[in-house]
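Asker: Just structure07.cif, nothing more (mmCIF, C-alpha atoms):
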data_structure
loop_
_atom_site.label_atom_id
_atom_site.label_comp_id
_atom_site.auth_asym_id
_atom_site.auth_seq_id
_atom_site.Cartn_x
_atom_site.Cartn_y
_atom_site.Cartn_z
CA MET K 26 -82.91 -128.67 -64.11
CA ILE K 27 -84.86 -131.46 -62.42
CA THR K 28 -88.65 -131.13 -62.35
CA VAL K 29 -90.96 -133.52 -60.55
CA LEU K 30 -94.41 -133.68 -62.13
CA ARG K 31 -96.96 -134.94 -59.63
CA LEU K 32 -99.98 -136.17 -61.57
CA GLY K 33 -103.47 -136.53 -60.15
CA HIS K 34 -102.93 -134.78 -56.82
CA ARG K 35 -106.25 -134.50 -54.97
CA PRO K 36 -105.92 -131.64 -52.45
CA GLY K 37 -107.97 -133.30 -49.70
CA ARG K 38 -106.97 -136.90 -49.94
CA ASP K 39 -103.35 -136.62 -51.08
CA LYS K 40 -102.07 -133.67 -49.08
CA ARG K 41 -99.72 -135.58 -46.83
CA ILE K 42 -98.34 -137.95 -49.45
CA THR K 43 -97.81 -135.12 -51.95
CA THR K 44 -96.06 -133.11 -49.22
CA HIS K 45 -93.71 -136.07 -48.71
CA VAL K 46 -93.14 -136.23 -52.49
CA ALA K 47 -92.28 -132.51 -52.52
CA LEU K 48 -89.91 -132.65 -49.54
CA VAL K 49 -88.13 -135.69 -50.96
CA ALA K 50 -87.82 -133.95 -54.32
CA ARG K 51 -86.27 -130.92 -52.58
CA CYS K 52 -83.93 -132.95 -50.37
CA LEU K 53 -82.67 -135.14 -53.21
CA GLY K 54 -81.82 -132.39 -55.63
CA ALA K 55 -84.91 -131.51 -57.67
CA ASP K 56 -85.52 -127.82 -58.45
CA ARG K 57 -89.29 -127.76 -58.49
CA MET K 58 -92.46 -129.82 -58.32
CA ILE K 59 -95.39 -129.18 -60.62
CA ILE K 60 -98.86 -130.14 -59.47
CA THR K 61 -101.82 -130.12 -61.78
CA ARG K 62 -104.42 -128.86 -59.31
CA LYS K 63 -104.02 -125.78 -57.15
CA ASP K 64 -103.29 -126.46 -53.49
CA GLU K 65 -102.16 -123.29 -51.75
CA GLU K 66 -101.86 -124.91 -48.34
CA LEU K 67 -99.45 -127.50 -49.69
CA ALA K 68 -97.37 -124.89 -51.52
CA GLU K 69 -97.23 -122.75 -48.38
CA ARG K 70 -96.11 -125.65 -46.21
CA VAL K 71 -93.26 -126.56 -48.55
CA LYS K 72 -92.27 -122.90 -48.96
CA ASN K 73 -91.96 -122.62 -45.17
CA VAL K 74 -89.56 -125.55 -45.07
CA ALA K 75 -87.46 -124.03 -47.86
CA GLU K 76 -87.39 -120.67 -46.09
CA LYS K 77 -86.18 -122.27 -42.88
CA PHE K 78 -83.81 -124.86 -44.26
CA GLY K 79 -82.67 -123.26 -47.49
CA GLY K 80 -82.60 -123.91 -51.20
CA ASP K 81 -84.66 -122.64 -54.13
CA PHE K 82 -87.13 -125.48 -54.38
CA ARG K 83 -90.58 -124.33 -55.38
CA ILE K 84 -94.03 -125.66 -56.18
CA GLU K 85 -95.80 -124.60 -59.36
CA PHE K 86 -99.31 -125.25 -60.63
CA GLN K 87 -99.88 -126.17 -64.22
CA GLN K 88 -103.18 -127.52 -65.44
CA ASN K 89 -101.88 -127.90 -68.94
CA TRP K 90 -99.27 -130.49 -68.02
CA HIS K 91 -99.57 -132.40 -71.31
CA GLU K 92 -97.31 -129.73 -72.79
CA LEU K 93 -94.48 -130.76 -70.51
CA LEU K 94 -94.55 -134.23 -72.00
CA ARG K 95 -94.18 -132.78 -75.50
CA LYS K 96 -90.98 -130.84 -74.87
CA PRO K 97 -88.62 -132.55 -77.30
CA ASP K 98 -85.39 -131.65 -75.50
CA TRP K 99 -86.46 -132.85 -72.03
CA VAL K 100 -85.82 -136.32 -70.74
CA LYS K 101 -89.13 -137.70 -69.47
CA VAL K 102 -88.99 -140.45 -66.88
CA HIS K 103 -92.21 -141.99 -65.60
CA LEU K 104 -91.97 -143.96 -62.35
CA THR K 105 -94.28 -146.99 -62.39
CA MET K 106 -94.08 -150.45 -60.89
CA TYR K 107 -94.72 -151.83 -64.39
CA GLY K 108 -91.62 -150.24 -65.87
CA GLU K 109 -88.16 -151.56 -66.63
CA ARG K 110 -85.75 -152.13 -63.79
CA LEU K 111 -84.12 -149.08 -62.23
CA SER K 112 -80.64 -150.56 -62.56
CA ASP K 113 -81.25 -151.33 -66.25
CA ALA K 114 -82.62 -147.87 -67.01
CA ILE K 115 -80.26 -145.61 -65.07
CA PRO K 116 -77.14 -146.07 -67.24
CA ARG K 117 -79.17 -145.11 -70.35
CA ILE K 118 -80.81 -141.96 -68.99
CA PRO K 119 -78.98 -138.86 -70.29
CA LYS K 120 -77.74 -136.54 -67.54
CA ASP K 121 -76.83 -133.54 -69.67
CA ARG K 122 -80.45 -132.55 -70.38
CA ASP K 123 -83.36 -131.22 -68.36
CA LEU K 124 -85.22 -133.99 -66.62
CA VAL K 125 -88.86 -134.38 -65.69
CA VAL K 126 -89.78 -137.21 -63.34
CA ILE K 127 -93.47 -138.14 -63.49
CA VAL K 128 -95.01 -139.49 -60.28
CA GLY K 129 -98.68 -140.43 -60.24
CA ALA K 130 -101.15 -140.26 -57.34
CA GLU K 131 -104.21 -141.92 -58.83
CA LYS K 132 -104.19 -144.09 -61.97
CA VAL K 133 -101.98 -142.58 -64.65
CA PRO K 134 -103.46 -142.22 -68.19
CA SER K 135 -101.98 -144.71 -70.64
CA PHE K 136 -100.63 -142.03 -72.97
CA VAL K 137 -98.15 -141.07 -70.22
CA TYR K 138 -96.56 -144.50 -70.68
CA GLU K 139 -96.32 -143.74 -74.41
CA MET K 140 -94.93 -140.23 -74.13
CA ALA K 141 -92.32 -141.02 -71.50
CA ASP K 142 -88.81 -141.72 -72.74
CA PHE K 143 -88.39 -144.16 -69.88
CA ASN K 144 -90.93 -146.05 -67.78
CA VAL K 145 -88.93 -147.03 -64.75
CA ALA K 146 -89.84 -149.40 -61.92
CA VAL K 147 -88.20 -148.96 -58.56
CA GLY K 148 -88.94 -152.57 -57.72
CA ASN K 149 -91.66 -154.39 -59.68
CA GLN K 150 -93.75 -154.48 -56.52
CA PRO K 151 -96.45 -152.16 -55.19
CA HIS K 152 -94.92 -149.79 -52.66
CA SER K 153 -94.73 -146.01 -52.52
CA GLU K 154 -94.19 -143.21 -55.00
CA VAL K 155 -92.38 -141.31 -52.23
CA ALA K 156 -89.80 -144.08 -51.91
CA ALA K 157 -89.64 -144.63 -55.66
CA LEU K 158 -88.81 -140.97 -56.22
CA ALA K 159 -86.16 -141.02 -53.48
CA LEU K 160 -84.40 -144.09 -54.84
CA PHE K 161 -84.63 -142.85 -58.42
CA LEU K 162 -83.13 -139.43 -57.57
CA ASP K 163 -80.48 -141.09 -55.44
CA ARG K 164 -79.32 -143.20 -58.39
CA TYR K 165 -79.67 -140.37 -60.92
CA THR K 166 -77.63 -137.92 -58.80
CA GLU K 167 -75.23 -140.69 -57.77
CA GLY K 168 -75.85 -139.93 -54.11
CA LYS K 169 -74.57 -136.35 -54.40
CA TRP K 170 -77.63 -135.00 -52.52
CA GLU K 171 -76.16 -136.16 -49.22
CA LYS K 172 -73.26 -133.74 -49.48
CA GLU K 173 -75.34 -130.73 -50.57
CA GLU K 174 -75.58 -127.70 -48.29
CA MET K 175 -78.80 -125.72 -48.61
CA ALA K 176 -77.88 -122.63 -46.61
CA GLY K 177 -81.14 -121.83 -44.84
CA ARG K 178 -81.83 -119.91 -41.63
CA LEU K 179 -81.57 -123.14 -39.68
CA LYS K 180 -79.02 -125.88 -40.05
CA ILE K 181 -79.07 -129.32 -38.49
CA ILE K 182 -75.69 -130.54 -37.33
CA PRO K 183 -75.35 -134.33 -37.70
CA SER K 184 -75.21 -135.86 -34.24
CA ASP K 185 -75.14 -139.37 -32.84
CA ARG K 186 -77.42 -138.39 -29.89
CA GLY K 187 -80.07 -135.73 -29.47
CA LYS K 188 -80.79 -132.68 -31.62
CA LYS K 189 -78.37 -130.01 -32.68
CA VAL K 190 -79.88 -127.16 -34.64
CA VAL K 191 -78.04 -123.89 -35.22
CA ARG K 192 -79.43 -120.58 -36.38
CA VAL K 193 -77.28 -119.47 -39.27
CA ARG K 194 -78.71 -115.96 -39.74
CA MET A 24 -84.25 -160.63 -39.40
CA ILE A 25 -85.15 -157.03 -40.20
CA THR A 26 -87.97 -155.46 -38.17
CA VAL A 27 -89.37 -152.00 -38.78
CA LEU A 28 -90.81 -150.43 -35.64
CA ARG A 29 -93.31 -147.73 -36.56
CA LEU A 30 -93.74 -145.50 -33.51
CA GLY A 31 -96.74 -143.26 -32.88
CA HIS A 32 -99.00 -144.53 -35.64
CA ARG A 33 -102.42 -142.90 -35.34
CA PRO A 34 -104.93 -145.12 -37.17
CA GLY A 35 -107.03 -142.29 -38.61
CA ARG A 36 -104.45 -139.69 -39.51
CA ASP A 37 -101.48 -141.85 -40.46
CA LYS A 38 -103.11 -144.72 -42.33
CA ARG A 39 -101.77 -143.85 -45.77
CA ILE A 40 -98.26 -142.90 -44.71
CA THR A 41 -97.93 -145.97 -42.49
CA THR A 42 -99.17 -148.13 -45.39
CA HIS A 43 -96.38 -146.65 -47.51
CA VAL A 44 -93.89 -147.36 -44.72
CA ALA A 45 -95.08 -150.98 -44.59
CA LEU A 46 -94.98 -151.56 -48.35
CA VAL A 47 -91.53 -150.02 -48.59
CA ALA A 48 -90.34 -152.20 -45.71
CA ARG A 49 -91.68 -155.27 -47.51
CA CYS A 50 -90.26 -154.34 -50.91
CA LEU A 51 -86.81 -153.51 -49.57
CA GLY A 52 -86.26 -156.67 -47.59
CA ALA A 53 -87.71 -156.24 -44.10
CA ASP A 54 -89.50 -159.23 -42.56
CA ARG A 55 -92.13 -157.45 -40.50
CA MET A 56 -93.39 -154.12 -39.26
CA ILE A 57 -94.49 -153.60 -35.68
CA ILE A 58 -97.04 -150.90 -34.90
CA THR A 59 -97.83 -149.84 -31.39
CA ARG A 60 -101.58 -149.29 -31.85
CA LYS A 61 -103.96 -151.79 -33.39
CA ASP A 62 -105.08 -151.00 -36.93
CA GLU A 63 -106.76 -154.02 -38.49
CA GLU A 64 -107.62 -152.23 -41.72
CA LEU A 65 -103.97 -151.38 -42.31
CA ALA A 66 -102.83 -154.92 -41.50
CA GLU A 67 -105.46 -156.34 -43.85
CA ARG A 68 -104.44 -154.06 -46.69
CA VAL A 69 -100.79 -155.02 -46.43
CA LYS A 70 -101.66 -158.71 -46.06
CA ASN A 71 -103.62 -158.51 -49.32
CA VAL A 72 -100.60 -157.14 -51.15
CA ALA A 73 -98.38 -159.88 -49.73
CA GLU A 74 -100.92 -162.56 -50.72
CA LYS A 75 -101.03 -161.27 -54.28
CA PHE A 76 -97.40 -160.42 -54.80
CA GLY A 77 -95.64 -162.85 -52.49
CA GLY A 78 -93.29 -162.89 -49.55
CA ASP A 79 -93.77 -163.44 -45.82
CA PHE A 80 -93.94 -159.83 -44.72
CA ARG A 81 -96.35 -159.30 -41.85
CA ILE A 82 -97.64 -156.60 -39.54
CA GLU A 83 -97.68 -157.13 -35.79
CA PHE A 84 -99.09 -155.08 -32.93
CA GLN A 85 -97.10 -154.56 -29.81
CA GLN A 86 -98.07 -152.00 -27.22
CA ASN A 87 -95.10 -152.86 -25.09
CA TRP A 88 -92.56 -151.73 -27.67
CA HIS A 89 -90.05 -150.46 -25.07
CA GLU A 90 -89.00 -154.07 -24.65
CA LEU A 91 -87.76 -154.21 -28.22
CA LEU A 92 -85.33 -151.42 -27.46
CA ARG A 93 -83.91 -153.40 -24.56
CA LYS A 94 -82.99 -156.53 -26.51
CA PRO A 95 -79.23 -156.57 -26.04
CA ASP A 96 -78.39 -158.62 -29.11
CA TRP A 97 -80.41 -156.53 -31.59
CA VAL A 98 -78.97 -153.66 -33.53
CA LYS A 99 -81.27 -150.68 -33.02
CA VAL A 100 -81.23 -147.97 -35.66
CA HIS A 101 -83.39 -144.88 -35.24
CA LEU A 102 -84.01 -142.81 -38.36
CA THR A 103 -84.12 -139.09 -37.55
CA MET A 104 -83.09 -135.97 -39.45
CA TYR A 105 -80.98 -135.02 -36.41
CA GLY A 106 -78.82 -138.12 -36.61
CA GLU A 107 -75.40 -138.77 -38.04
CA ARG A 108 -74.98 -139.03 -41.77
CA LEU A 109 -76.18 -142.21 -43.46
CA SER A 110 -72.88 -142.67 -45.30
CA ASP A 111 -70.94 -142.28 -42.03
CA ALA A 112 -73.16 -144.72 -40.12
CA ILE A 113 -73.66 -147.51 -42.67
CA PRO A 114 -70.13 -148.96 -42.60
CA ARG A 115 -70.33 -149.28 -38.80
CA ILE A 116 -73.73 -150.99 -38.54
CA PRO A 117 -73.28 -154.74 -37.97
CA LYS A 118 -75.02 -156.90 -40.56
CA ASP A 119 -74.73 -160.26 -38.83
CA ARG A 120 -77.29 -159.47 -36.13
CA ASP A 121 -81.03 -158.89 -36.05
CA LEU A 122 -81.91 -155.33 -36.92
CA VAL A 123 -84.73 -153.08 -35.78
CA VAL A 124 -85.26 -149.83 -37.67
CA ILE A 125 -87.28 -147.26 -35.73
CA VAL A 126 -89.39 -144.86 -37.76
CA GLY A 127 -91.48 -142.24 -35.97
CA ALA A 128 -94.83 -140.76 -37.02
CA GLU A 129 -95.33 -138.06 -34.38
CA LYS A 130 -92.58 -136.69 -32.14
CA VAL A 131 -90.34 -139.48 -30.86
CA PRO A 132 -89.63 -139.63 -27.07
CA SER A 133 -86.10 -138.58 -26.24
CA PHE A 134 -85.21 -141.90 -24.61
CA VAL A 135 -85.45 -143.50 -28.06
CA TYR A 136 -82.43 -141.39 -29.07
CA GLU A 137 -80.65 -142.75 -26.01
CA MET A 138 -81.54 -146.40 -26.42
CA ALA A 139 -80.77 -146.58 -30.13
CA ASP A 140 -77.34 -147.88 -31.10
CA PHE A 141 -77.39 -145.54 -34.07
CA ASN A 142 -79.36 -142.36 -34.74
CA VAL A 143 -79.14 -142.02 -38.49
CA ALA A 144 -80.13 -139.10 -40.71
CA VAL A 145 -81.02 -139.76 -44.31
CA GLY A 146 -80.25 -136.15 -45.16
CA ASN A 147 -80.16 -133.57 -42.38
CA GLN A 148 -83.26 -132.00 -43.87
CA PRO A 149 -86.96 -132.47 -43.17
CA HIS A 150 -88.41 -134.84 -45.71
CA SER A 151 -90.19 -138.19 -45.34
CA GLU A 152 -89.85 -141.25 -43.16
CA VAL A 153 -91.02 -143.32 -46.13
CA ALA A 154 -88.06 -142.15 -48.20
CA ALA A 155 -85.67 -142.33 -45.27
CA LEU A 156 -86.58 -145.98 -44.68
CA ALA A 157 -86.20 -146.79 -48.38
CA LEU A 158 -82.77 -145.21 -48.66
CA PHE A 159 -81.61 -146.72 -45.40
CA LEU A 160 -82.70 -150.27 -46.37
CA ASP A 161 -81.20 -149.80 -49.82
CA ARG A 162 -77.79 -149.00 -48.31
CA TYR A 163 -78.05 -151.64 -45.60
CA THR A 164 -78.97 -154.42 -48.06
CA GLU A 165 -76.51 -153.06 -50.65
CA GLY A 166 -79.29 -152.85 -53.22
CA LYS A 167 -79.99 -156.59 -53.13
CA TRP A 168 -83.76 -155.98 -52.85
CA GLU A 169 -83.95 -155.16 -56.55
CA LYS A 170 -83.01 -158.71 -57.52
CA GLU A 171 -85.30 -160.47 -55.02
CA GLU A 172 -88.17 -162.60 -56.32
CA MET A 173 -91.18 -162.78 -54.01
CA ALA A 174 -93.14 -165.59 -55.71
CA GLY A 175 -96.72 -164.42 -55.31
CA ARG A 176 -99.85 -165.24 -57.28
CA LEU A 177 -99.14 -162.28 -59.55
CA LYS A 178 -95.86 -161.21 -61.04
CA ILE A 179 -95.06 -157.99 -62.82
CA ILE A 180 -92.75 -158.41 -65.79
CA PRO A 181 -90.48 -155.38 -66.25
CA SER A 182 -91.50 -153.60 -69.43
CA ASP A 183 -90.51 -150.39 -71.18
CA ARG A 184 -94.12 -149.66 -72.24
CA GLY A 185 -97.46 -150.60 -70.74
CA LYS A 186 -98.29 -153.19 -68.11
CA LYS A 187 -97.36 -156.85 -68.12
CA VAL A 188 -98.74 -158.87 -65.26
CA VAL A 189 -98.74 -162.66 -65.25
CA ARG A 190 -100.70 -165.02 -63.03
CA VAL A 191 -98.20 -167.48 -61.62
CA ARG A 192 -100.62 -169.86 -59.93
#
Show me, as structure tokens, the structure contained in the file I just sent.

Answerer:
Amino acid sequence: MITVLRLGHRPGRDKRITTHVALVARCLGADRMIITRKDEELAERVKNVAEKFGGDFRIEFQQNWHELLRKPDWVKVHLTMYGERLSDAIPRIPKDRDLVVIVGAEKVPSFVYEMADFNVAVGNQPHSEVAALALFLDRYTEGKWEKEEMAGRLKIIPSDRGKKVVRVR
Amino acid sequence: MITVLRLGHRPGRDKRITTHVALVARCLGADRMIITRKDEELAERVKNVAEKFGGDFRIEFQQNWHELLRKPDWVKVHLTMYGERLSDAIPRIPKDRDLVVIVGAEKVPSFVYEMADFNVAVGNQPHSEVAALALFLDRYTEGKWEKEEMAGRLKIIPSDRGKKVVRVR
């Protein structure tokens, strides 16, 4: 199971970015995203996408997220521009265990750096946690997300011009 | 040269997402981002990052963006979830010509689909233009962005714990 833990989400300010984080997580093979502050509107929006376009991706709230970082059998990856290089880290990250990917909104407490098994930088440059998550999951899943079918009510048919959407059921 | 054309940027509503688009463009090897409505605050913010962390990335305003789509010698790639699969398109996109990557904020006019040489879907699922741009540029540059040095005033040293930042000059 792949869990994305979105730290420090502020419902007003971060709604759009956290929505992008959630949709990227879903599209690139994660099973759920945990946010640490309730945001029903966000959860509803993502649920609507999953209902239309398929898959079991869900959003959960968990205030007590410290516990997740203490699970001894999970692999804990923290995405930060200060971390080690993605290409150095990826070959060493176990793939046969549950994974939690930690993605911060505001400043991440320093103990997260300590508790993570891997602090990984997707480029040692300031950019975007949305992009960092996408590139990390792409490498971790070895690009398999692109071939996944999600079996929703609607399906987009790849097309070199225009829009082809079919209603599946 | 790689140009990112951000269509439909609305200075109030889209500031954060467009900032992410710009920083991703910069980090993954684009030379500039063109926005179609003036947003000095956004340009200033991105300029500050480039001054600190290096590189020549810049933001330009161009109302008359239709012209860019008429340049016959440019390769025009439009990122849309309705497009053909990334892995199908990438081998056919010429790399020896200037490239413009079109990334929409609001709904993109249908003539953009017509004028683009390639309409490319980074996953035929709704997710994020920030992630789509990152994955596209990653494939297009064959991951070379990760090894690039940008030679700014500050440099982040990859580290498995904590934060290492050095002042270069």

Asker: Rank nothing, just name the residue among A:Val135, A:Thr103, A:Val189, A:Gly77 nearest to Pro151 of chain K, using all atoms listed in the file.

Answerer: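 Under the stated criterion, the closest residue is A:Gly77.
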
Asker: Could I get the residues of chain A with an atom no further than 6 Å from an atom of chain K, each paired with its nearest atom pair and that distance in Å to one decimal, using all atoms listed in the file, sorted by chain and residue number, as a Markdown table?

Answerer:
| residue | atom | partner | partner_atom | distance |
| --- | --- | --- | --- | --- |
| A:His43 | CA | K:Ser153 | CA | 5.3 |
| A:Leu46 | CA | K:His152 | CA | 4.7 |
| A:Val47 | CA | K:His152 | CA | 5.3 |
| A:Tyr105 | CA | K:Lys188 | CA | 5.3 |
| A:Gly106 | CA | K:Ser184 | CA | 4.9 |
| A:Glu107 | CA | K:Pro183 | CA | 4.5 |
| A:Tyr136 | CA | K:Arg186 | CA | 5.9 |
| A:Asn142 | CA | K:Asp185 | CA | 5.5 |
| A:Gly146 | CA | K:Glu171 | CA | 5.8 |
| A:Asn147 | CA | K:Ile181 | CA | 5.9 |
| A:His150 | CA | K:Leu48 | CA | 4.7 |
| A:Ser151 | CA | K:His45 | CA | 5.3 |
| A:Val153 | CA | K:Ala156 | CA | 6.0 |
| A:Ala154 | CA | K:Ala156 | CA | 4.5 |
| A:Ala157 | CA | K:Ala156 | CA | 5.7 |
| A:Glu169 | CA | K:Gly148 | CA | 5.7 |
| A:Ile179 | CA | K:Asn149 | CA | 5.9 |
| A:Pro181 | CA | K:Glu109 | CA | 4.5 |
| A:Ser182 | CA | K:Glu109 | CA | 4.8 |
| A:Asp183 | CA | K:Glu109 | CA | 5.3 |
| A:Arg184 | CA | K:Tyr138 | CA | 5.9 |
| A:Lys186 | CA | K:Tyr107 | CA | 5.3 |

Asker: Mind pulling up the distance from atom CA of Arg35 of chain K to atom CA of Lys101 of chain K?

Answerer: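 Answer for the atom CA of Lys101 of chain K to atom CA of Arg35 of chain K separation: 22.7 Å.
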
Asker: Given the point (-99.7, -159.3, -43.7) in the coordinates of this file, which residues lie within 8 Å, counting all atoms listed in the file, and how would they look as a list in words?

Answerer: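 So the residues meeting the distance criterion are Ala66, Glu67, Arg68, Val69, Lys70, Asn71, Val72, Ala73, Glu74, Asp79, Phe80, Arg81 and Ile82 of chain A.
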
Asker: I need the chosen residues saved as a compact mmCIF listing (two decimals), keeping the file's coordinate frame, with C-alpha atoms.

Answerer:
# COMPACT_ATOMS: atom_id res chain seq x y z
CA ALA A 66 -102.83 -154.92 -41.50
CA GLU A 67 -105.46 -156.34 -43.85
CA ARG A 68 -104.44 -154.06 -46.69
CA VAL A 69 -100.79 -155.02 -46.43
CA LYS A 70 -101.66 -158.71 -46.06
CA ASN A 71 -103.62 -158.51 -49.32
CA VAL A 72 -100.60 -157.14 -51.15
CA ALA A 73 -98.38 -159.88 -49.73
CA GLU A 74 -100.92 -162.56 -50.72
CA ASP A 79 -93.77 -163.44 -45.82
CA PHE A 80 -93.94 -159.83 -44.72
CA ARG A 81 -96.35 -159.30 -41.85
CA ILE A 82 -97.64 -156.60 -39.54

Asker: One decimal, in Å: what's the spacing between atom CA of Ala130 of chain K and atom CA of Leu32 of chain K?

Answerer: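 These atoms are spaced 6.0 Å apart.
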